[in-house]
Each structure stands twice: as C-alpha cells, then as structure tokens.
Amino acid sequence: MSLKQYLINSLPARQRLALNVLAALCLHGAVQPAHAADWRIGSGSDTDRAYQVHEFRSLTVDKNGRYFALSSGAGRLFKSRDGQHWTASPSGIGSGLAGDLQAIVATANGELYLTAKLAVYRSQDGGDSWSRIDQGLPLGSQSGAYFGTIGRRLVVAADGSVFLSVCQTNSRFGSCTLYQRKGETWVVSQEGYPSLARYEIPVFAIDGEVYSGAPGPVSVSRYGSDGKWQASGQGLPEGEGSPAAMTRDGSGSLYLAMGKRVFKRSAASAAWVATAGGLPDADVYSLLVADGTALYAGMGNGSVYRSLDGGDHWAPFLGVADPAGQAIESMVRAADGQVLAYSINGVFRATASGWQRSNEGLSLAVAEPEYTSLLFAESGKAYALGQKHALLISKDGGSLWETSQSASSAMPGLIDGQQPAFTVLGRDGRGNILVGTKGRGVLRSGDGGNSWTLSGNGLPLAQYGENCAVEAIAGDASGTVYLGTRGCGGTGLYKSVDGGASWQASGNGLGAFSRVSSLASDGKGAVYAAALDPLFQQGAVYRSVDAGNSWVSVNQGIPAGMAIRQLTIDAAGTVFGAASTLGGVAPAGVFRLQNGNWLAADAGLDRRSSGFSLASAGDGKLYAAPAGGGIYVSSNQGASWQPANDGLPRYTTDDGQQGIAEITALAGDANGKVLAGSGYGVFRLDAATPASNAHLAGIGARANVLTGDNVLIAGFTIAGGSKTVLIDARGPSLASYGVSNTLSNPRIRLFNSRGEQIAANQGIGNGPDSPKPGTVEGLPLDPREDALLLTLASGAYSVVLDGLNGSTGNALLGVNAVVNPAETGALANLSFRSVTASGDSVAIAGFTVVDGPKRMIITAKGPSLAALGVSGALPAPTIDLYDQLNGKLLESNEQYGKSANIADIQASGFAPGSPTESAIIRTFNPGVYSVVARGANGAQGVTLVEINPVK
C-alpha cells in the first residue's frame, strides 16, 4: 500500500493547523545521520536473564483491547495497545508498593481493579488515576492480634461485584476469608462455604458466574443468586490441592485445573471427570479457551499445551513459552487471535514461528555486574570473562557464545563447581590470547582458545598468593607483553619477552605506584600505563618508548584529586583516558592526550558517574559507558558524545526509578564492531554503515478542511540542495474510496520561511507551476483537484490547503519528491497541527523512507503549545507508530518523561517541552510508515505532530 492510499483509506482525521505555530515550532534544519545497528545480545551469554521482567505478576485486557500488566518487584503498572510494546502508566497508587502488587482485573464497564497486599484500588480512566476502596477490609494491624493481607486472587462478577480473599495470621495460626464488594461496601461472603480456609481462597469469574475453590472434599463452590455458596465439586478427587484455574468453552463445558490434571464438567452433567492424558508431569497453572473450542493449559514448567477436542487429547503448543521454565500463571487471547501467556518473567506471544517475548518497555530486574573483560581477536573470535561463566568464546564475533572448559581445566586446585578467578583478557603482538588471574599468574593460548598453558614464572605469587592479581594486559609491536597488577608488591608492572613464558619487573620510573589498572599500546613502540599508589591517594599515567625499560610521567592536565584508571587508543593513534576521583565518587571524565597534555573530551557525557568503561573501534568511534548505566558514542575524538542505547535492557528499581543496564566492559575491533558486557549478558553492536543517502520520498497528512484558522497547513524542509517536488491536494476523488464530505475545490498556496507566498494554484494545469494532466506520474485525476510542480532550494516551507470560495470538507495533502539524480536535496521533515479528538477524529501523518535506514524522532505535543498562545491544547497526547507495509504496530508512547530512553530523546534536540507529551526515537528501514496521535483516554485538544531526522 502506498502512503497516499493509506492516508485515503485511514481514519478520517480533523486537522486544525496554524502557520505561525509551524513557523515557530516545526521547521528545523535537516541532519544526515550515519546509521548504527541496535545492540543485540549474544546467545549463550545469559540470554534468558537479559529479558527477565522484575517479578511479573498479573495480566488483563479491557473492553477496548488495551492490555494491563503488573510488575510486582518494580511496583509498577504497564499498559499496551498490542500486547507487545509496553509503557509505564501513571501509577496514582502511592509509593512503596514494590513487591506488594498482587492482581489487576478489567470489568465489562471499563473499570479497573488493582490489589496490593494491604490495599485495593479502582480506576475509571484507563489506569491513569486510582482511588483507594479498601475501607472495611481487615488489613494490616487493623485486625487486632492478626495481620491481614490480600491474596493474589481478584475477580469481578457480571453484576459488578468484586470478590477477593483476605488472610489473617499471627505467629501460630492463620485463616482466610472471602469478601465481596457490593456498591461501596465490603462484606464477608462466607455463607454456605464448606470449611475454614487456612490458605488463600482461589476465586474465578466464568461468564457471569463466580466459583471458589478450597482443598478438601468440597473443592469447588458456586456463588448463588441468594448470596450463598453452593457445593459444585462432585467427582473431584481429594488430596490434589486447591483449584488453580477455571474456564468454559463454547459448548458450555467447564474446565478446572487441579494439581497435574484438568477436569471437565459438561453442560448436561453435574459431575467432574478427568480429561485424557498427554499433559506433562507438571502442575497446571492456567487455562484458556480461544475461538470457542481450542483449550490451552499453561504448565508449571513454562510450556503450554493445547486440546482441540474438549480435553480428550493434549499436545504441546509451540513448545516452551518461558525458556527459564517458570510457571505460565495466566493466558489471555489477543485482539488478533493470538495467545498471550505470562510468567513472572513477563509476557510471551504465540506466533507462527513459536513463542516470542513481548516485554518491550516492561521493567527488568536490576542485574548485578557479570562480564568484566572483553576482547576481539584477529581471527574473528571474541572472548568474554564472566563471574559465573568463567571464560566464554565466540567464533562469530559475539553472536553465539560457549563456555571454555579447557581454560578452567588449566587452573589447578579448583574444587568441583568452583569458578576460576579470571580477571582480565589481553593479547600480545604474536597472536596469543592471555587471561589474567588472581594468584595463579597468566593463562596463554596460541591456538584460538582450544588449549591453554598457565605461567606465573617470575611473578611474586608465593609471597602474595591470591592478593596478587593481574588487572591489565597489553602487547607491543616487538612482541613484548606487559602486565599491570595489584597486590603484587613493587611497582605493579611486569613484562615478558618470551610470549608470556616468564615475567620480570618493568617499573623503572613509576616510583611509589604499586598498582597498574590499565595498559595501552599504540603499535608503534609507545606503551602507556595508568598507575595508582597503595593507598589510592595519587594516580598518574606513564609512557615507555624503550620496551618498558624506563617510564616517564605524562599526567599534565589531569585535575587534582582525579586519576585516569582506563586507557584506550583510537585508530588514529590518539590516547584517551577515563578518569575518576580518587575517592571513587562523581564527577568522572574522559580526557584526550594532545601534545603531552590531557584535554577534557567529555562534552555530552553524563559525568555524574563514578567512572567510565572506555573502548575504541577501528572505524574511529569511541565508546564510553558510565557506571550508572548506558553507553555513549563519539565520532569526533571526544569533542561531543551522544547516547547509543538502542537494544540495551531497561530496568525499574524498587522505588520506581528507571535505568539502562550498567555496562561493565567494552571492546572494539578493527572493523568497527563493539561488544558490551553487563549483568544481562554480552551485547554486540555491528559496525556502523557509512552515512547513506536515506531520505524521505513522500510525506502527507489528511484533514477536515474548514475556514479561517481551521484550514490545513503543513510544514516541511528541503535539505542538502535543491529538490523538485510534487505538491498535490485531493478532495473530490476521495469519494471513490468511501470518504464522505469531501472538499469540492481544493486550493494550494506555498510559503517560504519568511511567510512570503511563492506559488499558488487552483485546478490541474491552471497556473504556471501546475503541471498539465498526463505530464507527471502521480497527478490527481480529477480536474477540480490541485497540484504544484516546482524546484525548491534548501529551506523551510509551509503549504496552506483550503477550499475555493470558502468551501469545506475532507482533503488529502501530499508532498512527494520527484526522482532526479542530478539533484542533491531531499525532503527532511514534516510537521502539522490538528484538533485531536476521540474515535475517528485523531491526527494522522504518513511518510516514506527510501535508499537506506534513517534515524528519526516523532513527537506529539500539547501542553507546551500554550506558551505560543494556543488554547485548548491536548493535555496528554499519545503516539502509535505503524509499518503500513504489514499493518504492524511498531511502537507506542505516552508521556515521554517516563520513558526508559528519555536520555536519548533529550539528547536528540527535539524533545517535547513537557514530560507529559510523547516521543518515539528509532531507526527506520526503507518502507511506508504512519503516525496516529490521539488524546489519552479519549481526551480532545490541539496537538502538534513532528517528524525529524536525528543523529
């Protein structure tokens, strides 16, 4: 589908635009970015842990098809329109709820109910605000000698009654009671219930009926119209525990999960019978019926099974949903018919190719540091040291990792299961790979990691033992290898001239410094060492140009109280150092060595970190990872830095703070590839592709054109030189696509950035800049419609589309580039303003990317428009981004101020003025895309949509 066809066929949008606002806000110069791929995790390097959600707890879908999910560990509520892309919702549920969130349920009338251990909340606006409604429940110490908490079961009946279980415990005894909320009051709902429950009472809402379960001879009860519970468990066995799940199929048969079996009760029977075999040896946690007949069972081992014949036969459904083997605690049917399943690790979506994680935007658990050293080798192999996995080797540059058993086997004296104390990776000038250790010396491999030899000859291991640790390794062009150590006495610097077979002290000139934390060789005879004194009160950088026989200080320019702790040398031979305070607190910094002086090279870096990991790649780029999380990249030797975090895991702390994975190691190779190690695994960034000719080939917007200020006005920019464009306005021809109330006589006027009208026309071929019918591909076919064909110089332009003689109606405006290899200019951006309402009256924009990937930011603004005198601004605009070639929703955003990648958005230079406005920043492959902006929860108001390229 073309962009023009999409805008014709899409929702009718009433756009309201103002030329002065576009001139003030929308028209930005273009930037031609070089494209870099997203970070991708390597398989085998904690792949599963990289995407674990912080104690995922509950999932529901409301009547409008919106999904809601709870992350208990993060104490946050998340929303999604497609079950794949999630955004944090404004909680409104107080603070300190991490670990306490229990369940969320959507009702038929659109309300949401949410429970924590000590509170019940209700939302009537889609989860944006919550009111507490637990007055009367015996929670906390309100129950006297007992302490009351709410369980994880929460259901809402067809009449709006809410049922939940409250358990009261003391040091010796506990009991659980069912409560029901009728109107605004909570009452005990225990009449007729078979027995005293010592554990949480499971409760289920099935097609207007409410059932509860309990262990014992009467394991299921149904809530009657008389307000009493009635036994309904005939045929169920004793001793299999409480029911875990219940559902009903299209024929009226009920299904119940108990222990490792599923039981069935047909509509014509009062007794339960066990379904046939085929299920694995695992407890059944959840049940789902889809399409009336397909029955799904979520298992305790992370798998899902399906029966298509009412439980007579079961078979695995797409294998294991949760690769970590956590129980599938619930399932829902998505709007597109696919099945969504959840475990504590998040949401998993059934697709034709198997189960896929649908956790984008959900909170990840904070991971402890894991990978501490990374290395590329000339052979294309990569090496990683992990605290749990010892040494990992990748034969394909970081995509697939395997643990090296031979390296561990080369370490004598290890107890079974004990991990070797590997510390750092390095290589010499002869192609050998070296691994530093604590108290054992250095492992060396000359065959790409297949076999290893341990050598400590010449190191003071007998004297210092485990305290003597290797911290840095570097080799120079002559084949000399250098070791930086700590806890080994002396100057902390050693060298080997025989490939690491033996070592000798090499610290002449280092004085009292006894720790060398980093080494770097320029490959031309110069070696640099970052050194510290024993008490960590001083630090300095030293250089040797005589194979380590003598060292001289090169420390001028480093601020007092700071010391460089990590070194790297870029492809041009420039030395860079990451410095931190000697106390290990912020601020930190990055410096460049120039003519013997260190100069600050950290503009754009977040210096609030206590330190940086640092690496260079062969394409000239530098990478810095602050201790607080995330990665920055510089393409100009540190003169400026930009965030480079796409693809890295995001997490949410227990107090609700969002962050990006902390990177504990970086490495770059000669071809521009980069590895980043974290507690979530090892991530790979492939070499950046050269700056491409990617550009926008077409932009467009559709609106209900009125009069006065309510005509259609759009802004765009030509960048990089002149460009011939076809600007057209369509009205009458839209009727053939089913669009009503079309504009009968559209008219175009074109303005430059100074507000001067430079072209105008009404009707095809009626003006000097209007092409004749049949002369240009893509011209409107109706002679009453309008078009301009002209060559524009670089600059900002605005198009006004209105109706002849004050006519009104729906119209489509398009701006398309005409292919001409001799021209260097291109369309750069699009901006337009509209009155956005609910239903069909949302704001729609479209654009086409050609000739390569292009990184752009899309924003929807509302509150910040008030400063420009715009009244009635939309209070909280949201964005949905679609790939029109396959109809897929790519991403949604609501309130960018709560986005995990807020730093990327703010660094772009196009961040909205209010955190309640929305933004999406990403790289777009060639294709056709559309943007739908609307108000949260159906709100109405004026919004401004902008699409701009970024670096």
# chains A, B, ... in the order shown; residues from 1 in each chain; ligands from 1
$ residues_around --residues "range 855-862 of chain A" --least-positions-apart "6" --cutoff "8 Å" --atoms "only C-alpha atoms" --output "NGL selection string"
:A and (33 or 35 or 873-879 or 905 or 908 or 910-914 or 917-924 or 933 or 941-951)
$ residues_around --residues "range 513-530 of chain A" --least-positions-apart "2" --cutoff "6 Å" --atoms "only C-alpha atoms" --output "list in words"
Glu471, Ala472, Ala474, Asp476, Ala477, Gly484, Thr485, Arg486, Gly490, Thr491, Gly492, Leu510, Gly511, Leu532, Asp533, Pro534, Val541, Tyr542, Arg543, Ser544, Val545, Arg565, Gln566, Leu567, Thr568 and Gly573 of chain A
$ write_last_selection --atoms "N, CA, C and O atoms" --output "JSON list (two decimals), in the first residue's frame"
[["chain", "number", "residue", "atom", "x", "y", "z"],
["A", 471, "GLU", "N", 45.57, -7.07, 36.44],
["A", 471, "GLU", "CA", 44.49, -6.14, 36.12],
["A", 471, "GLU", "C", 44.52, -5.64, 34.69],
["A", 471, "GLU", "O", 43.52, -5.13, 34.19],
["A", 472, "ALA", "N", 45.66, -5.74, 34.02],
["A", 472, "ALA", "CA", 45.76, -5.21, 32.66],
["A", 472, "ALA", "C", 46.79, -5.99, 31.87],
["A", 472, "ALA", "O", 47.78, -6.48, 32.43],
["A", 474, "ALA", "N", 48.77, -5.88, 27.84],
["A", 474, "ALA", "CA", 48.95, -5.24, 26.54],
["A", 474, "ALA", "C", 50.23, -5.76, 25.90],
["A", 474, "ALA", "O", 51.20, -6.07, 26.60],
["A", 476, "ASP", "N", 53.12, -5.04, 22.61],
["A", 476, "ASP", "CA", 53.56, -4.04, 21.64],
["A", 476, "ASP", "C", 54.03, -4.70, 20.35],
["A", 476, "ASP", "O", 53.98, -5.93, 20.20],
["A", 477, "ALA", "N", 54.47, -3.88, 19.41],
["A", 477, "ALA", "CA", 54.82, -4.38, 18.09],
["A", 477, "ALA", "C", 56.03, -5.31, 18.12],
["A", 477, "ALA", "O", 56.19, -6.16, 17.24],
["A", 484, "GLY", "N", 49.79, -5.34, 34.06],
["A", 484, "GLY", "CA", 49.52, -4.42, 35.15],
["A", 484, "GLY", "C", 48.90, -5.22, 36.28],
["A", 484, "GLY", "O", 47.97, -6.00, 36.07],
["A", 485, "THR", "N", 49.40, -5.05, 37.51],
["A", 485, "THR", "CA", 48.95, -5.87, 38.62],
["A", 485, "THR", "C", 48.58, -5.00, 39.81],
["A", 485, "THR", "O", 48.87, -3.80, 39.86],
["A", 486, "ARG", "N", 47.94, -5.64, 40.79],
["A", 486, "ARG", "CA", 47.73, -5.04, 42.11],
["A", 486, "ARG", "C", 47.98, -6.11, 43.16],
["A", 486, "ARG", "O", 47.75, -7.30, 42.93],
["A", 490, "GLY", "N", 56.17, -4.17, 44.76],
["A", 490, "GLY", "CA", 56.95, -3.47, 43.74],
["A", 490, "GLY", "C", 56.16, -2.38, 43.07],
["A", 490, "GLY", "O", 55.35, -1.69, 43.67],
["A", 491, "THR", "N", 56.39, -2.22, 41.78],
["A", 491, "THR", "CA", 55.72, -1.15, 41.03],
["A", 491, "THR", "C", 54.41, -1.61, 40.40],
["A", 491, "THR", "O", 53.71, -0.79, 39.81],
["A", 492, "GLY", "N", 54.13, -2.89, 40.48],
["A", 492, "GLY", "CA", 52.89, -3.38, 39.89],
["A", 492, "GLY", "C", 52.95, -3.61, 38.41],
["A", 492, "GLY", "O", 51.93, -3.90, 37.78],
["A", 510, "LEU", "N", 58.33, 4.45, 37.84],
["A", 510, "LEU", "CA", 56.99, 4.57, 38.39],
["A", 510, "LEU", "C", 56.98, 5.00, 39.85],
["A", 510, "LEU", "O", 55.93, 5.32, 40.40],
["A", 511, "GLY", "N", 58.12, 5.02, 40.49],
["A", 511, "GLY", "CA", 58.20, 5.48, 41.86],
["A", 511, "GLY", "C", 57.40, 4.60, 42.82],
["A", 511, "GLY", "O", 57.51, 3.38, 42.82],
["A", 532, "LEU", "N", 48.44, 3.69, 40.19],
["A", 532, "LEU", "CA", 47.93, 4.23, 41.44],
["A", 532, "LEU", "C", 48.87, 3.85, 42.57],
["A", 532, "LEU", "O", 49.58, 2.84, 42.49],
["A", 533, "ASP", "N", 48.87, 4.66, 43.66],
["A", 533, "ASP", "CA", 49.71, 4.32, 44.81],
["A", 533, "ASP", "C", 48.95, 3.35, 45.71],
["A", 533, "ASP", "O", 47.75, 3.14, 45.55],
["A", 534, "PRO", "N", 49.60, 2.71, 46.70],
["A", 534, "PRO", "CA", 48.96, 1.68, 47.52],
["A", 534, "PRO", "C", 47.73, 2.17, 48.27],
["A", 534, "PRO", "O", 46.81, 1.40, 48.51],
["A", 541, "VAL", "N", 49.66, 8.75, 34.79],
["A", 541, "VAL", "CA", 49.85, 7.98, 33.57],
["A", 541, "VAL", "C", 51.32, 8.07, 33.17],
["A", 541, "VAL", "O", 51.93, 9.15, 33.23],
["A", 542, "TYR", "N", 51.89, 6.92, 32.78],
["A", 542, "TYR", "CA", 53.29, 6.84, 32.38],
["A", 542, "TYR", "C", 53.40, 6.29, 30.96],
["A", 542, "TYR", "O", 52.51, 5.55, 30.50],
["A", 543, "ARG", "N", 54.51, 6.66, 30.30],
["A", 543, "ARG", "CA", 54.74, 6.21, 28.92],
["A", 543, "ARG", "C", 56.16, 5.64, 28.82],
["A", 543, "ARG", "O", 57.10, 6.15, 29.40],
["A", 544, "SER", "N", 56.28, 4.55, 28.06],
["A", 544, "SER", "CA", 57.59, 3.97, 27.76],
["A", 544, "SER", "C", 57.73, 3.84, 26.26],
["A", 544, "SER", "O", 56.80, 3.41, 25.56],
["A", 545, "VAL", "N", 58.92, 4.20, 25.76],
["A", 545, "VAL", "CA", 59.22, 4.05, 24.32],
["A", 545, "VAL", "C", 60.45, 3.18, 24.11],
["A", 545, "VAL", "O", 60.98, 3.12, 23.00],
["A", 565, "ARG", "N", 42.05, 5.80, 35.15],
["A", 565, "ARG", "CA", 42.05, 4.39, 35.53],
["A", 565, "ARG", "C", 41.90, 3.46, 34.33],
["A", 565, "ARG", "O", 42.10, 2.26, 34.47],
["A", 566, "GLN", "N", 41.50, 4.01, 33.19],
["A", 566, "GLN", "CA", 41.39, 3.17, 32.00],
["A", 566, "GLN", "C", 41.87, 3.93, 30.79],
["A", 566, "GLN", "O", 41.61, 5.14, 30.65],
["A", 567, "LEU", "N", 42.59, 3.23, 29.91],
["A", 567, "LEU", "CA", 43.18, 3.83, 28.71],
["A", 567, "LEU", "C", 42.70, 3.12, 27.46],
["A", 567, "LEU", "O", 42.42, 1.91, 27.49],
["A", 568, "THR", "N", 42.63, 3.86, 26.37],
["A", 568, "THR", "CA", 42.41, 3.24, 25.07],
["A", 568, "THR", "C", 43.06, 4.13, 24.02],
["A", 568, "THR", "O", 43.27, 5.34, 24.24],
["A", 573, "GLY", "N", 45.67, 6.66, 16.54],
["A", 573, "GLY", "CA", 46.79, 6.67, 17.46],
["A", 573, "GLY", "C", 46.67, 7.64, 18.61],
["A", 573, "GLY", "O", 47.61, 7.83, 19.37]]
$ select_by_dssp --residues "range 84-318 of chain A" --states "strand (DSSP E)" --output "ChimeraX atom specification"
/A:87-88,101-106,112-116,119-123,131-132,147-156,162-169,174-182,185-188,203-206,209-213,220-223,229-231,245-248,254-258,261-265,273-274,284-290,294-299,303-307,315-318
$ residues_around --residues "Tyr255 in chain A" --least-positions-apart "2" --cutoff "8 Å" --atoms "only C-alpha atoms" --output "PyMOL selection string"
chain A and resi 246-248+253+257+262-265+287
$ write_last_selection --atoms "all heavy atoms" --output "mmCIF file, in the first residue's frame"
data_model
loop_
_atom_site.group_PDB
_atom_site.id
_atom_site.type_symbol
_atom_site.label_atom_id
_atom_site.label_comp_id
_atom_site.auth_asym_id
_atom_site.auth_seq_id
_atom_site.Cartn_x
_atom_site.Cartn_y
_atom_site.Cartn_z
ATOM 1 N N MET A 246 -9.913 -21.968 36.044
ATOM 2 C CA MET A 246 -11.188 -22.456 35.540
ATOM 3 C C MET A 246 -11.550 -21.674 34.284
ATOM 4 O O MET A 246 -11.249 -20.484 34.179
ATOM 5 C CB MET A 246 -12.281 -22.309 36.601
ATOM 6 C CG MET A 246 -13.642 -22.868 36.185
ATOM 7 S SD MET A 246 -14.922 -22.637 37.456
ATOM 8 C CE MET A 246 -14.433 -23.910 38.621
ATOM 9 N N THR A 247 -12.216 -22.336 33.336
ATOM 10 C CA THR A 247 -12.683 -21.676 32.120
ATOM 11 C C THR A 247 -13.860 -22.443 31.560
ATOM 12 O O THR A 247 -14.192 -23.539 32.027
ATOM 13 C CB THR A 247 -11.547 -21.564 31.080
ATOM 14 O OG1 THR A 247 -11.962 -20.697 30.031
ATOM 15 C CG2 THR A 247 -11.191 -22.922 30.498
ATOM 16 N N ARG A 248 -14.519 -21.897 30.548
ATOM 17 C CA ARG A 248 -15.678 -22.532 29.905
ATOM 18 C C ARG A 248 -15.541 -22.403 28.402
ATOM 19 O O ARG A 248 -15.113 -21.356 27.888
ATOM 20 C CB ARG A 248 -16.971 -21.874 30.376
ATOM 21 C CG ARG A 248 -18.225 -22.375 29.645
ATOM 22 C CD ARG A 248 -19.481 -21.704 30.173
ATOM 23 N NE ARG A 248 -19.950 -22.350 31.381
ATOM 24 C CZ ARG A 248 -20.463 -21.707 32.432
ATOM 25 N NH1 ARG A 248 -20.538 -20.378 32.422
ATOM 26 N NH2 ARG A 248 -20.889 -22.363 33.487
ATOM 27 N N SER A 253 -19.232 -26.386 28.456
ATOM 28 C CA SER A 253 -18.476 -27.256 29.348
ATOM 29 C C SER A 253 -17.483 -26.442 30.167
ATOM 30 O O SER A 253 -16.836 -25.523 29.647
ATOM 31 C CB SER A 253 -17.733 -28.327 28.548
ATOM 32 O OG SER A 253 -18.636 -29.202 27.903
ATOM 33 N N ALA A 257 -8.485 -26.740 36.556
ATOM 34 C CA ALA A 257 -7.115 -27.215 36.744
ATOM 35 C C ALA A 257 -6.878 -27.480 38.220
ATOM 36 O O ALA A 257 -7.069 -26.593 39.061
ATOM 37 C CB ALA A 257 -6.119 -26.182 36.222
ATOM 38 N N VAL A 262 -6.413 -31.777 34.435
ATOM 39 C CA VAL A 262 -7.505 -30.896 34.049
ATOM 40 C C VAL A 262 -8.785 -31.716 34.105
ATOM 41 O O VAL A 262 -8.861 -32.815 33.536
ATOM 42 C CB VAL A 262 -7.302 -30.313 32.642
ATOM 43 C CG1 VAL A 262 -8.521 -29.503 32.220
ATOM 44 C CG2 VAL A 262 -6.045 -29.443 32.605
ATOM 45 N N PHE A 263 -9.809 -31.177 34.784
ATOM 46 C CA PHE A 263 -11.097 -31.847 34.907
ATOM 47 C C PHE A 263 -12.139 -31.096 34.085
ATOM 48 O O PHE A 263 -12.040 -29.882 33.882
ATOM 49 C CB PHE A 263 -11.518 -31.914 36.372
ATOM 50 C CG PHE A 263 -10.600 -32.754 37.217
ATOM 51 C CD1 PHE A 263 -9.438 -32.211 37.764
ATOM 52 C CD2 PHE A 263 -10.886 -34.087 37.452
ATOM 53 C CE1 PHE A 263 -8.585 -32.978 38.531
ATOM 54 C CE2 PHE A 263 -10.036 -34.870 38.230
ATOM 55 C CZ PHE A 263 -8.881 -34.318 38.764
ATOM 56 N N LYS A 264 -13.157 -31.853 33.638
ATOM 57 C CA LYS A 264 -14.182 -31.294 32.760
ATOM 58 C C LYS A 264 -15.558 -31.629 33.306
ATOM 59 O O LYS A 264 -15.798 -32.734 33.800
ATOM 60 C CB LYS A 264 -14.023 -31.862 31.340
ATOM 61 C CG LYS A 264 -15.086 -31.426 30.341
ATOM 62 C CD LYS A 264 -14.821 -32.064 28.982
ATOM 63 C CE LYS A 264 -15.860 -31.664 27.953
ATOM 64 N NZ LYS A 264 -15.587 -32.299 26.633
ATOM 65 N N ARG A 265 -16.471 -30.656 33.203
ATOM 66 C CA ARG A 265 -17.875 -30.889 33.533
ATOM 67 C C ARG A 265 -18.716 -30.340 32.394
ATOM 68 O O ARG A 265 -18.723 -29.142 32.139
ATOM 69 C CB ARG A 265 -18.263 -30.214 34.849
ATOM 70 C CG ARG A 265 -19.625 -30.683 35.388
ATOM 71 C CD ARG A 265 -19.994 -29.942 36.651
ATOM 72 N NE ARG A 265 -20.440 -28.579 36.366
ATOM 73 C CZ ARG A 265 -20.768 -27.704 37.317
ATOM 74 N NH1 ARG A 265 -20.631 -28.023 38.589
ATOM 75 N NH2 ARG A 265 -21.171 -26.494 36.991
ATOM 76 N N LEU A 287 -5.677 -21.868 32.459
ATOM 77 C CA LEU A 287 -6.492 -22.412 31.368
ATOM 78 C C LEU A 287 -7.034 -21.261 30.540
ATOM 79 O O LEU A 287 -7.293 -20.166 31.053
ATOM 80 C CB LEU A 287 -7.657 -23.244 31.912
ATOM 81 C CG LEU A 287 -7.313 -24.528 32.666
ATOM 82 C CD1 LEU A 287 -8.568 -25.090 33.330
ATOM 83 C CD2 LEU A 287 -6.689 -25.558 31.738
#
$ atom_distance --atom1 "CA of Arg747 in chain A" --atom2 "CA of Ile844 in chain A"
20.6 Å
